[in-house]
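The structure file start25.tsv is reproduced below (TSV, C-alpha atoms).
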chain	number	residue	atom	x	y	z
A	3	MET	CA	-45.27	49.37	96.02
A	4	ARG	CA	-42.25	51.33	94.88
A	5	GLY	CA	-40.11	49.69	92.23
A	6	ALA	CA	-37.01	51.91	92.38
A	7	GLU	CA	-34.82	53.62	94.95
A	8	CYS	CA	-35.01	57.35	94.30
A	9	VAL	CA	-33.86	60.62	95.81
A	10	GLU	CA	-36.49	63.33	95.90
A	11	THR	CA	-36.48	67.10	95.52
A	12	GLU	CA	-39.52	69.26	96.21
A	13	VAL	CA	-39.81	71.97	93.57
A	14	GLU	CA	-42.77	74.32	94.11
A	15	ASP	CA	-45.82	72.06	93.83
A	16	ALA	CA	-44.03	69.16	92.15
A	17	LEU	CA	-41.66	66.41	93.20
A	18	VAL	CA	-38.58	65.56	91.12
A	19	LEU	CA	-37.35	61.98	91.48
A	20	LEU	CA	-33.95	60.68	90.49
A	21	ASP	CA	-33.95	56.92	89.99
A	22	LEU	CA	-30.62	55.90	91.53
A	23	ASP	CA	-30.30	52.77	89.40
A	24	GLY	CA	-31.55	54.09	86.07
A	25	GLY	CA	-30.08	57.58	86.48
A	26	MET	CA	-33.32	59.09	85.06
A	27	TYR	CA	-35.20	62.10	86.43
A	28	PHE	CA	-39.01	62.11	86.71
A	29	THR	CA	-41.29	64.98	87.67
A	30	LEU	CA	-44.52	64.19	89.52
A	31	ASN	CA	-47.21	66.84	89.94
A	32	GLY	CA	-49.19	67.28	93.19
A	33	PRO	CA	-51.55	64.25	93.14
A	34	ALA	CA	-48.96	62.00	91.50
A	35	ALA	CA	-46.45	63.04	94.18
A	36	ASP	CA	-49.04	62.14	96.83
A	37	VAL	CA	-49.36	58.68	95.30
A	38	TRP	CA	-45.56	58.27	95.26
A	39	ARG	CA	-45.37	59.30	98.92
A	40	ALA	CA	-48.17	56.88	99.80
A	41	LEU	CA	-46.26	54.08	98.08
A	42	GLU	CA	-43.40	54.36	100.57
A	43	ALA	CA	-45.08	51.33	102.14
A	44	PRO	CA	-47.05	48.91	99.92
A	45	ALA	CA	-50.58	50.30	99.45
A	46	SER	CA	-53.73	49.03	97.75
A	47	GLU	CA	-55.27	50.92	94.85
A	48	ASP	CA	-58.36	51.56	97.01
A	49	ALA	CA	-56.21	53.11	99.74
A	50	LEU	CA	-54.55	55.41	97.19
A	51	ILE	CA	-57.95	56.52	95.87
A	52	GLU	CA	-59.09	57.19	99.41
A	53	THR	CA	-56.01	59.32	100.10
A	54	LEU	CA	-56.58	61.44	97.00
A	55	THR	CA	-60.36	61.88	97.33
A	56	ALA	CA	-59.80	63.05	100.92
A	57	LYS	CA	-57.36	65.71	99.75
A	58	TYR	CA	-58.72	66.78	96.37
A	59	ASP	CA	-62.22	67.65	95.19
A	60	VAL	CA	-62.60	64.80	92.70
A	61	GLU	CA	-65.21	62.16	91.82
A	62	PRO	CA	-64.15	58.73	93.18
A	63	ALA	CA	-64.78	57.07	89.80
A	64	LYS	CA	-62.66	59.62	87.94
A	65	CYS	CA	-59.98	59.41	90.62
A	66	ALA	CA	-59.89	55.59	90.27
A	67	GLN	CA	-59.33	55.99	86.54
A	68	SER	CA	-56.50	58.47	87.04
A	69	VAL	CA	-54.86	56.30	89.71
A	70	ALA	CA	-55.01	53.24	87.47
A	71	ARG	CA	-53.40	55.19	84.61
A	72	LEU	CA	-50.75	56.66	86.90
A	73	LEU	CA	-49.86	53.25	88.36
A	74	GLU	CA	-49.54	51.85	84.84
A	75	ASP	CA	-47.27	54.74	83.90
A	76	LEU	CA	-45.14	54.42	87.07
A	77	THR	CA	-44.89	50.64	86.54
A	78	GLN	CA	-43.78	51.09	82.95
A	79	LYS	CA	-41.05	53.51	84.10
A	80	GLY	CA	-39.93	51.05	86.79
A	81	LEU	CA	-40.92	53.39	89.63
A	82	ALA	CA	-43.72	51.13	90.90
A	83	LYS	CA	-44.44	47.43	90.88
A	84	PRO	CA	-47.19	45.14	92.16
A	85	ALA	CA	-46.57	44.04	95.75
A	86	ALA	CA	-45.57	40.38	95.92
B	22	MET	CA	4.92	54.07	116.24
B	23	HIS	CA	3.97	57.50	114.88
B	24	ARG	CA	0.54	58.93	115.64
B	25	HIS	CA	-1.18	61.43	113.33
B	26	ILE	CA	-4.59	63.10	113.22
B	27	ALA	CA	-6.28	63.58	109.86
B	28	PHE	CA	-9.95	63.74	108.85
B	29	GLY	CA	-10.98	63.21	112.47
B	30	LEU	CA	-9.19	59.84	112.72
B	31	ARG	CA	-6.11	58.68	114.62
B	32	TRP	CA	-3.63	57.09	112.22
B	33	ASP	CA	-0.88	55.01	113.91
B	34	SER	CA	1.92	54.15	111.53
B	35	ASP	CA	5.30	52.44	111.66
B	36	ILE	CA	6.69	55.18	109.40
B	37	ALA	CA	5.99	58.90	109.82
B	38	LEU	CA	3.15	60.27	107.66
B	39	ASP	CA	4.77	63.56	106.72
B	40	GLN	CA	1.68	65.06	105.05
B	41	PHE	CA	-0.57	64.49	108.09
B	42	ALA	CA	-0.40	66.47	111.33
B	43	LYS	CA	1.27	64.81	114.31
B	44	ALA	CA	-0.95	64.02	117.30
B	45	SER	CA	-0.19	65.39	120.74
B	46	LEU	CA	1.80	63.04	122.98
B	47	ALA	CA	-1.03	63.20	125.52
B	48	ASP	CA	-3.38	61.48	123.05
B	49	THR	CA	-3.67	57.87	124.25
B	50	LEU	CA	-7.00	56.81	122.73
B	51	PRO	CA	-6.93	53.68	120.55
B	52	PRO	CA	-6.08	54.26	116.87
B	53	ASP	CA	-8.77	54.25	114.15
B	54	ILE	CA	-6.29	53.22	111.45
B	55	THR	CA	-3.19	51.10	111.98
B	56	ILE	CA	-0.51	51.14	109.27
B	57	ARG	CA	2.31	48.62	109.25
B	58	ARG	CA	4.81	47.21	106.83
B	59	ALA	CA	3.91	43.62	105.92
B	60	ALA	CA	6.43	41.04	107.12
B	61	GLY	CA	6.39	39.24	103.77
B	62	PRO	CA	4.63	39.28	100.41
B	63	LEU	CA	0.99	40.37	100.62
B	64	PRO	CA	-1.37	37.36	100.65
B	65	ASP	CA	-3.85	36.65	97.84
B	66	ARG	CA	-7.23	38.28	98.39
B	67	GLU	CA	-10.65	37.73	96.91
B	68	MET	CA	-10.96	40.35	94.16
B	69	VAL	CA	-14.32	41.94	93.33
B	70	HIS	CA	-13.35	44.54	90.69
B	71	ARG	CA	-10.12	45.51	89.04
B	72	LYS	CA	-9.99	49.32	88.97
B	73	ASP	CA	-7.64	52.00	87.76
B	74	GLY	CA	-4.45	51.53	89.83
B	75	GLY	CA	-5.80	48.92	92.20
B	76	THR	CA	-8.29	46.24	93.05
B	77	LEU	CA	-11.49	46.29	95.05
B	78	CYS	CA	-11.94	43.36	97.44
B	79	ALA	CA	-14.93	42.18	99.46
B	80	ASP	CA	-13.37	43.50	102.68
B	81	GLY	CA	-11.29	46.45	101.44
B	82	PHE	CA	-8.93	47.21	98.58
B	83	ARG	CA	-5.38	46.84	97.32
B	84	MET	CA	-3.85	49.96	95.75
B	85	HIS	CA	-0.74	49.91	93.60
B	86	GLY	CA	-1.10	53.08	91.56
B	87	ASP	CA	2.64	53.74	91.40
B	88	ASP	CA	5.82	51.72	91.83
B	89	GLU	CA	6.68	53.24	95.20
B	90	ALA	CA	4.52	51.00	97.40
B	91	ILE	CA	1.51	48.66	97.54
B	92	TYR	CA	-1.19	49.22	100.17
B	93	ASP	CA	-3.58	46.56	101.41
B	94	PHE	CA	-6.56	48.01	103.26
B	95	ARG	CA	-8.86	45.79	105.31
B	96	ALA	CA	-11.97	47.32	106.84
B	97	PRO	CA	-12.41	48.85	109.25
B	98	GLY	CA	-8.89	50.11	109.90
B	99	THR	CA	-5.81	48.13	108.91
B	100	ILE	CA	-3.36	49.06	106.16
B	101	GLU	CA	-0.44	46.74	105.42
B	102	TRP	CA	2.09	48.02	102.92
B	103	ARG	CA	5.08	46.76	100.98
B	104	PRO	CA	7.73	48.92	99.33
B	105	GLY	CA	7.86	48.73	95.51
B	106	PRO	CA	10.82	49.04	93.11
B	107	ALA	CA	10.73	52.87	93.24
B	108	TRP	CA	10.36	53.17	97.05
B	109	GLN	CA	11.73	56.54	98.25
B	110	GLY	CA	11.65	55.94	102.00
B	111	ARG	CA	8.37	57.75	102.61
B	112	PHE	CA	4.78	57.43	101.41
B	113	PRO	CA	4.15	59.24	98.10
B	114	PRO	CA	1.24	61.67	97.47
B	115	LEU	CA	-0.89	58.69	96.33
B	116	PHE	CA	-1.16	57.55	99.94
B	117	PHE	CA	-2.33	60.92	101.32
B	118	GLY	CA	-4.82	61.43	98.47
B	119	THR	CA	-6.30	58.34	96.88
B	120	VAL	CA	-5.54	55.76	99.59
B	121	ALA	CA	-6.80	58.05	102.38
B	122	ALA	CA	-9.94	58.93	100.36
B	123	LEU	CA	-10.78	55.27	99.73
B	124	VAL	CA	-10.26	54.34	103.40
B	125	LEU	CA	-12.51	57.21	104.50
B	126	ALA	CA	-15.20	56.32	101.94
B	127	TRP	CA	-15.14	52.74	103.20
B	128	ARG	CA	-15.81	54.11	106.69
B	129	GLY	CA	-18.83	56.17	105.58
B	130	GLY	CA	-17.21	59.48	104.59
B	131	VAL	CA	-17.84	61.25	101.28
B	132	PRO	CA	-14.53	62.34	99.69
B	133	ILE	CA	-14.83	65.49	97.58
B	134	HIS	CA	-12.22	66.88	95.21
B	135	GLY	CA	-12.24	70.30	96.85
B	136	SER	CA	-10.61	72.56	99.42
B	137	SER	CA	-12.36	73.72	102.57
B	138	VAL	CA	-11.97	76.49	105.13
B	139	GLU	CA	-13.62	77.35	108.44
B	140	ILE	CA	-15.07	80.83	108.94
B	141	ASP	CA	-16.79	81.65	112.26
B	142	GLY	CA	-17.17	77.97	113.15
B	143	ARG	CA	-18.72	76.88	109.85
B	144	ALA	CA	-17.18	75.23	106.81
B	145	TRP	CA	-17.03	76.49	103.21
B	146	LEU	CA	-16.29	73.86	100.58
B	147	ILE	CA	-14.63	75.08	97.36
B	148	CYS	CA	-15.23	72.81	94.33
B	149	GLY	CA	-14.16	73.07	90.72
B	150	PRO	CA	-11.97	71.42	88.10
B	151	SER	CA	-8.19	71.12	88.47
B	152	GLY	CA	-6.58	74.49	87.83
B	153	ALA	CA	-9.71	76.49	88.70
B	154	GLY	CA	-8.04	77.92	91.82
B	155	LYS	CA	-9.50	75.93	94.74
B	156	SER	CA	-6.22	75.85	96.69
B	157	THR	CA	-5.42	79.46	95.89
B	158	LEU	CA	-8.78	80.66	97.14
B	159	ALA	CA	-8.47	78.56	100.32
B	160	ALA	CA	-4.98	79.98	100.88
B	161	THR	CA	-5.96	83.60	100.35
B	162	LEU	CA	-8.96	83.18	102.64
B	163	ALA	CA	-6.64	81.76	105.31
B	164	ALA	CA	-4.15	84.60	104.73
B	165	SER	CA	-6.91	87.16	105.26
B	166	GLY	CA	-6.93	86.11	108.93
B	167	LYS	CA	-10.70	85.46	108.84
B	168	ALA	CA	-10.56	81.80	107.76
B	169	ARG	CA	-8.68	78.69	108.86
B	170	LEU	CA	-7.79	75.79	106.57
B	171	ILE	CA	-9.78	72.59	106.95
B	172	ALA	CA	-8.38	70.62	104.01
B	173	ASP	CA	-6.74	71.19	100.65
B	174	ASP	CA	-7.67	69.23	97.52
B	175	LEU	CA	-9.34	66.37	99.43
B	176	SER	CA	-12.22	67.25	101.77
B	177	ILE	CA	-14.26	64.57	103.53
B	178	LEU	CA	-17.93	65.08	104.35
B	179	GLN	CA	-19.36	63.10	107.26
B	180	GLY	CA	-23.10	62.64	107.66
B	181	SER	CA	-24.85	63.95	110.74
B	182	ALA	CA	-28.16	62.62	112.04
B	183	SER	CA	-29.87	65.92	111.28
B	184	GLY	CA	-28.66	69.02	109.53
B	185	PRO	CA	-25.71	69.55	107.22
B	186	PRO	CA	-22.70	67.21	106.92
B	187	THR	CA	-19.55	68.07	108.87
B	188	LEU	CA	-15.85	68.18	107.95
B	189	TYR	CA	-12.74	67.41	109.98
B	190	PRO	CA	-9.39	68.97	109.09
B	191	GLY	CA	-7.33	66.93	106.63
B	192	ARG	CA	-3.85	67.63	105.30
B	193	PRO	CA	-2.45	70.77	106.95
B	194	ALA	CA	-0.43	71.97	103.93
B	195	ILE	CA	-1.54	73.54	100.63
B	196	ARG	CA	0.47	73.19	97.38
B	197	LEU	CA	0.88	76.66	95.85
B	198	PHE	CA	2.81	78.33	93.05
B	199	PRO	CA	5.91	80.15	94.35
B	200	ALA	CA	4.57	83.73	93.92
B	201	LEU	CA	1.54	83.06	96.08
B	202	ALA	CA	3.59	80.92	98.50
B	203	GLU	CA	5.90	83.91	99.11
B	204	HIS	CA	2.87	86.09	99.67
B	205	MET	CA	1.60	83.52	102.22
B	206	ARG	CA	5.00	83.51	103.96
B	207	ALA	CA	4.64	87.26	104.42
B	208	SER	CA	1.28	86.66	106.15
B	209	GLY	CA	3.00	84.32	108.65
B	210	ALA	CA	2.44	80.88	107.07
B	211	GLU	CA	5.19	78.24	107.17
B	212	VAL	CA	6.54	77.49	103.64
B	213	ARG	CA	8.54	74.41	102.63
B	214	GLU	CA	10.01	72.97	99.45
B	215	ASP	CA	8.23	69.93	98.03
B	216	PRO	CA	10.95	67.80	96.42
B	217	GLY	CA	10.20	67.00	92.79
B	218	ASN	CA	7.32	69.49	92.56
B	219	ASP	CA	7.39	73.05	91.19
B	220	LYS	CA	4.86	74.15	93.79
B	221	LEU	CA	5.68	74.87	97.44
B	222	LEU	CA	4.02	73.47	100.56
B	223	VAL	CA	2.38	76.19	102.65
B	224	ARG	CA	0.91	75.68	106.12
B	225	PRO	CA	-1.59	78.43	106.90
B	226	ALA	CA	-3.71	78.88	110.04
B	227	ARG	CA	-5.66	75.71	110.61
B	228	ALA	CA	-8.93	74.61	112.21
B	229	ASP	CA	-8.76	72.36	115.32
B	230	PRO	CA	-7.98	68.83	114.06
B	231	LEU	CA	-10.49	67.00	116.27
B	232	THR	CA	-13.48	69.35	116.05
B	233	PRO	CA	-16.06	68.63	113.33
B	234	VAL	CA	-17.13	71.77	111.46
B	235	PRO	CA	-20.69	71.90	110.04
B	236	LEU	CA	-20.83	72.75	106.35
B	237	ALA	CA	-22.32	76.19	105.63
B	238	ALA	CA	-22.12	76.50	101.84
B	239	PHE	CA	-20.44	75.46	98.60
B	240	ILE	CA	-18.32	77.77	96.46
B	241	ILE	CA	-18.22	76.56	92.86
B	242	LEU	CA	-15.40	77.70	90.59
B	243	GLY	CA	-15.72	77.30	86.83
B	244	THR	CA	-19.47	76.54	86.73
B	245	ASP	CA	-22.37	78.94	87.23
B	246	ALA	CA	-24.12	77.40	90.25
B	247	ALA	CA	-27.23	79.48	89.57
B	248	GLY	CA	-27.70	77.44	86.39
B	249	ILE	CA	-27.91	74.15	88.33
B	250	PRO	CA	-31.53	73.43	89.31
B	251	LEU	CA	-32.11	72.28	92.88
B	252	TRP	CA	-33.00	68.75	91.78
B	253	ARG	CA	-29.72	68.35	89.88
B	254	ARG	CA	-27.43	69.54	92.66
B	255	GLY	CA	-26.94	66.04	94.09
B	256	ALA	CA	-25.77	64.80	90.70
B	257	PHE	CA	-23.55	67.89	90.30
B	258	LEU	CA	-21.89	67.28	93.68
B	259	ASP	CA	-21.56	63.59	92.81
B	260	SER	CA	-19.48	64.72	89.82
B	261	GLN	CA	-17.13	66.48	92.28
B	262	LEU	CA	-16.25	63.24	94.11
B	263	PHE	CA	-12.58	62.41	94.60
B	264	ARG	CA	-11.71	59.41	92.38
B	265	PRO	CA	-15.35	59.04	91.22
B	266	MET	CA	-14.97	55.64	89.55
B	267	TRP	CA	-13.72	54.14	92.81
B	268	MET	CA	-16.44	55.92	94.77
B	269	ARG	CA	-19.15	54.23	92.69
B	270	ALA	CA	-17.60	50.82	93.35
B	271	ILE	CA	-17.02	51.08	97.12
B	272	PRO	CA	-20.04	49.79	99.11
B	273	GLY	CA	-22.48	52.48	100.25
B	274	TRP	CA	-22.57	54.71	97.17
B	275	ARG	CA	-26.34	55.21	97.51
B	276	ASP	CA	-25.85	56.57	101.03
B	277	ARG	CA	-23.08	58.84	99.80
B	278	PHE	CA	-25.29	60.10	96.96
B	279	ARG	CA	-28.18	60.73	99.37
B	280	MET	CA	-25.91	62.77	101.61
B	281	LEU	CA	-24.72	64.91	98.68
B	282	HIS	CA	-28.27	65.34	97.42
B	283	HIS	CA	-29.45	66.40	100.89
B	284	ALA	CA	-26.52	68.81	101.38
B	285	GLY	CA	-27.04	70.25	97.88
B	286	THR	CA	-30.70	70.99	98.49
B	287	ILE	CA	-30.40	72.50	102.00
B	288	LEU	CA	-27.20	74.56	101.61
B	289	PRO	CA	-26.43	77.59	99.43
B	290	MET	CA	-24.23	77.14	96.38
B	291	HIS	CA	-22.28	80.21	95.23
B	292	SER	CA	-20.12	80.75	92.18
B	293	LEU	CA	-17.01	82.83	91.69
B	294	ARG	CA	-15.50	83.49	88.29
B	295	PRO	CA	-12.44	81.42	87.37
B	296	ALA	CA	-9.23	83.44	87.35
B	297	ASP	CA	-5.53	83.27	86.71
B	298	ILE	CA	-4.42	81.06	89.57
B	299	ARG	CA	-0.97	82.65	89.81
B	300	ASN	CA	-2.27	86.15	90.25
B	301	ALA	CA	-2.29	86.76	94.01
B	302	ALA	CA	-3.77	90.26	93.79
B	303	ASP	CA	-6.74	89.04	91.81
B	304	PHE	CA	-7.28	86.29	94.33
B	305	HIS	CA	-7.34	88.84	97.12
B	306	ALA	CA	-10.35	90.29	95.37
B	307	ARG	CA	-11.77	86.78	95.08
B	308	ALA	CA	-11.20	86.09	98.78
B	309	SER	CA	-12.97	89.35	99.63
B	310	GLN	CA	-15.90	88.29	97.46
B	311	ALA	CA	-16.01	84.89	99.19
B	312	LEU	CA	-15.88	86.53	102.62
B	313	ALA	CA	-18.69	88.85	101.61
B	314	LEU	CA	-20.78	85.77	100.74
B	315	SER	CA	-20.15	84.36	104.22
B	316	ASN	CA	-21.55	87.47	105.98
Will you turn the file into structure tokens for me?
Amino acid sequence: MRGAECVETEVEDALVLLDLDGGMYFTLNGPAADVWRALEAPASEDALIETLTAKYDVEPAKCAQSVARLLEDLTQKGLAKPAA
Amino acid sequence: MHRHIAFGLRWDSDIALDQFAKASLADTLPPDITIRRAAGPLPDREMVHRKDGGTLCADGFRMHGDDEAIYDFRAPGTIEWRPGPAWQGRFPPLFFGTVAALVLAWRGGVPIHGSSVEIDGRAWLICGPSGAGKSTLAATLAASGKARLIADDLSILQGSASGPPTLYPGRPAIRLFPALAEHMRASGAEVREDPGNDKLLVRPARADPLTPVPLAAFIILGTDAAGIPLWRRGAFLDSQLFRPMWMRAIPGWRDRFRMLHHAGTILPMHSLRPADIRNAADFHARASQALALSN
């Protein structure tokens, strides 16, 4: 699930987030922005992979790897956290 | 009781609010804000934050920025006041600026340090640092006959369910240097002395006080708006808030930031060069430029 309250700006094919508490800006590219949007409600890792493989031409195994890395990155930046 | 209309609200007060417009006698709706002199010393209140010139409380604020009076605001709409040692018999500018801005923020408005005018039913909000010429541009636009004043110096944005925020007219007078004030008098505006101030109070043509005007665009003086990326516009507008330290402390700042961010990304932001604010002729050129932007 999301870990921070952000405001969003769509810029071409990316999404710029401003973390309202931390005051930091983050840029998410297309697939990462899709994950952020999907996290508006708590979502399982499997559901995120399903969303991305439906939209992009990508191997499920490779997608799972990328999603895991992205979630780790978002968690480290405070933008995501495990659902309670 | 004196009734006034400002920022879309009815302000009923036991002393006249000489910087707000008087309401029509036919207006009998209940007041939004009631202002009365406290019968005795103001009671102790639970303090949340001590701020510059006042104190934030759980249910409002107490403002004592000068020695003329103390104001005790309780949400949603009661102001009790007590005269201070330097009381002059009328509310000082602090009341019509800071106190009004804080009350309006508490009620969901977003107070911006900027002047605004209405052109063809839509609002133009002029932002920029003190001395950049916000009031002068608003005045010259009003003098052109094509624009009507919404508010000088303090403009309040109100959220709308969809689309851009709206503004209601605020203070009906603009403070201007004498040369420009005389120029405004020639265009038919009422001009008055402002005791203790080297500027004059000018009342130009004005938008209807109870009609909200949707915001059309921002005019930025002193900063090149083209250099502000879309995703930073919310933060830029946040830096134009009236009394920003207070605005961050009053409940609801996230909602206010979201509104500014939304307005900044959906509305155009134009820049005009800063200029000598006493030079009326130059500002005519500036007003023409601004009007050209609105076409």
* Nearest to Leu22 in chain A, chosen from A:Ala35, A:Gly5, A:Lys64, A:Leu50, with all atoms listed in the file counted in the distances ->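 Selected residue with least distance to Leu22 in chain A: A:Gly5.
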* Please identify every residue of chain A that has at least one atom no more than 12 Å from any atom of chain B, counting only C-alpha atoms, and report them as an NGL selection string. => :A and (7-14 or 16-23 or 25-29)
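Shortest atom-to-atom contact with Leu72 in chain A among A:Ala86, A:Ala45, A:Val37, A:Leu54: A:Val37, counting all atoms listed in the file.
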* Enter the distance from CA of Gly118 in chain B to CA of Phe263 in chain B, in Å, rounded to one decimal. =>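 For CA of Gly118 in chain B relative to CA of Phe263 in chain B, the distance reads 8.7 Å.
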Do a neighbour search on range 40-56 of chain B at 7 Å with only C-alpha atoms, toss out local chain neighbours closer than 4 positions, and write the hits as a CSV table (one decimal) with C-alpha atoms, in the coordinates of the input.
chain,number,residue,atom,x,y,z
B,24,ARG,CA,0.5,58.9,115.6
B,25,HIS,CA,-1.2,61.4,113.3
B,26,ILE,CA,-4.6,63.1,113.2
B,27,ALA,CA,-6.3,63.6,109.9
B,30,LEU,CA,-9.2,59.8,112.7
B,31,ARG,CA,-6.1,58.7,114.6
B,32,TRP,CA,-3.6,57.1,112.2
B,33,ASP,CA,-0.9,55.0,113.9
B,34,SER,CA,1.9,54.2,111.5
B,35,ASP,CA,5.3,52.4,111.7
B,98,GLY,CA,-8.9,50.1,109.9
B,99,THR,CA,-5.8,48.1,108.9
B,100,ILE,CA,-3.4,49.1,106.2
B,101,GLU,CA,-0.4,46.7,105.4
B,117,PHE,CA,-2.3,60.9,101.3
B,192,ARG,CA,-3.8,67.6,105.3
B,193,PRO,CA,-2.4,70.8,107.0
* Please measure the separation of CA of Tyr189 in chain B and CA of Pro230 in chain B, giving the value in Å to one decimal. =>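 Value for the CA of Tyr189 in chain B-CA of Pro230 in chain B distance: 6.4 Å.
Here CA of Ala34 in chain A is placed at a distance of 17.0 Å from CA of Pro84 in chain A.
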* May I have the protein, DNA and RNA residues with any atom at most 8 Å from the point (-20.6, 76.5, 111.1), counting only C-alpha atoms, written as a VMD selection string? => chain B and resid 139 to 144 234 to 237
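Remark: for Pro62 in chain A, the closest of the candidate residues A:Leu81, A:Asp48, A:Asn31, A:Glu74 is A:Asp48 (distances computed over all atoms listed in the file).
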* Asked: Residues at most 7 Å from Ala59 in chain B, counting only C-alpha atoms, excluding those fewer than 3 positions away in the same chain, as a PyMOL selection string?
  -> chain B and resi 63+101-103
* Using only C-alpha atoms, which of B:Arg128, B:His305, B:Arg169, B:Lys155 sits nearest Phe28 in chain B? ->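 Ranking B:Arg128, B:His305, B:Arg169, B:Lys155 by distance to Phe28 in chain B, first place goes to B:Arg128.
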* So which residues touch Cys78 in chain B within 8 Å, counting only C-alpha atoms, skipping near sequence neighbours fewer than 5 positions away, as a list in words? ->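 Selected residues are Arg66, Glu67, Met68, Val69, His70 and Arg83 of chain B.
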* Have a look at B:Arg264, B:Arg307, B:Arg95, B:Arg227 and name the one nearest to Val131 in chain B; count all atoms listed in the file. => B:Arg264
Give me the box for range 22-41 of chain A as JSON, namely the centre and edge lengths in Å to one decimal of a box along x, y and z that holds every listed atom plus 8 Å on each side.
{"center_x": -40.8, "center_y": 60.0, "center_z": 92.4, "size_x": 37.5, "size_y": 30.5, "size_z": 30.7}
* **Contacts of Lys220 in chain B within 8 Å, all atoms listed in the file, excl. fewer than 4 positions in-chain, as a PyMOL selection string** => chain B and resi 196-199+214-215
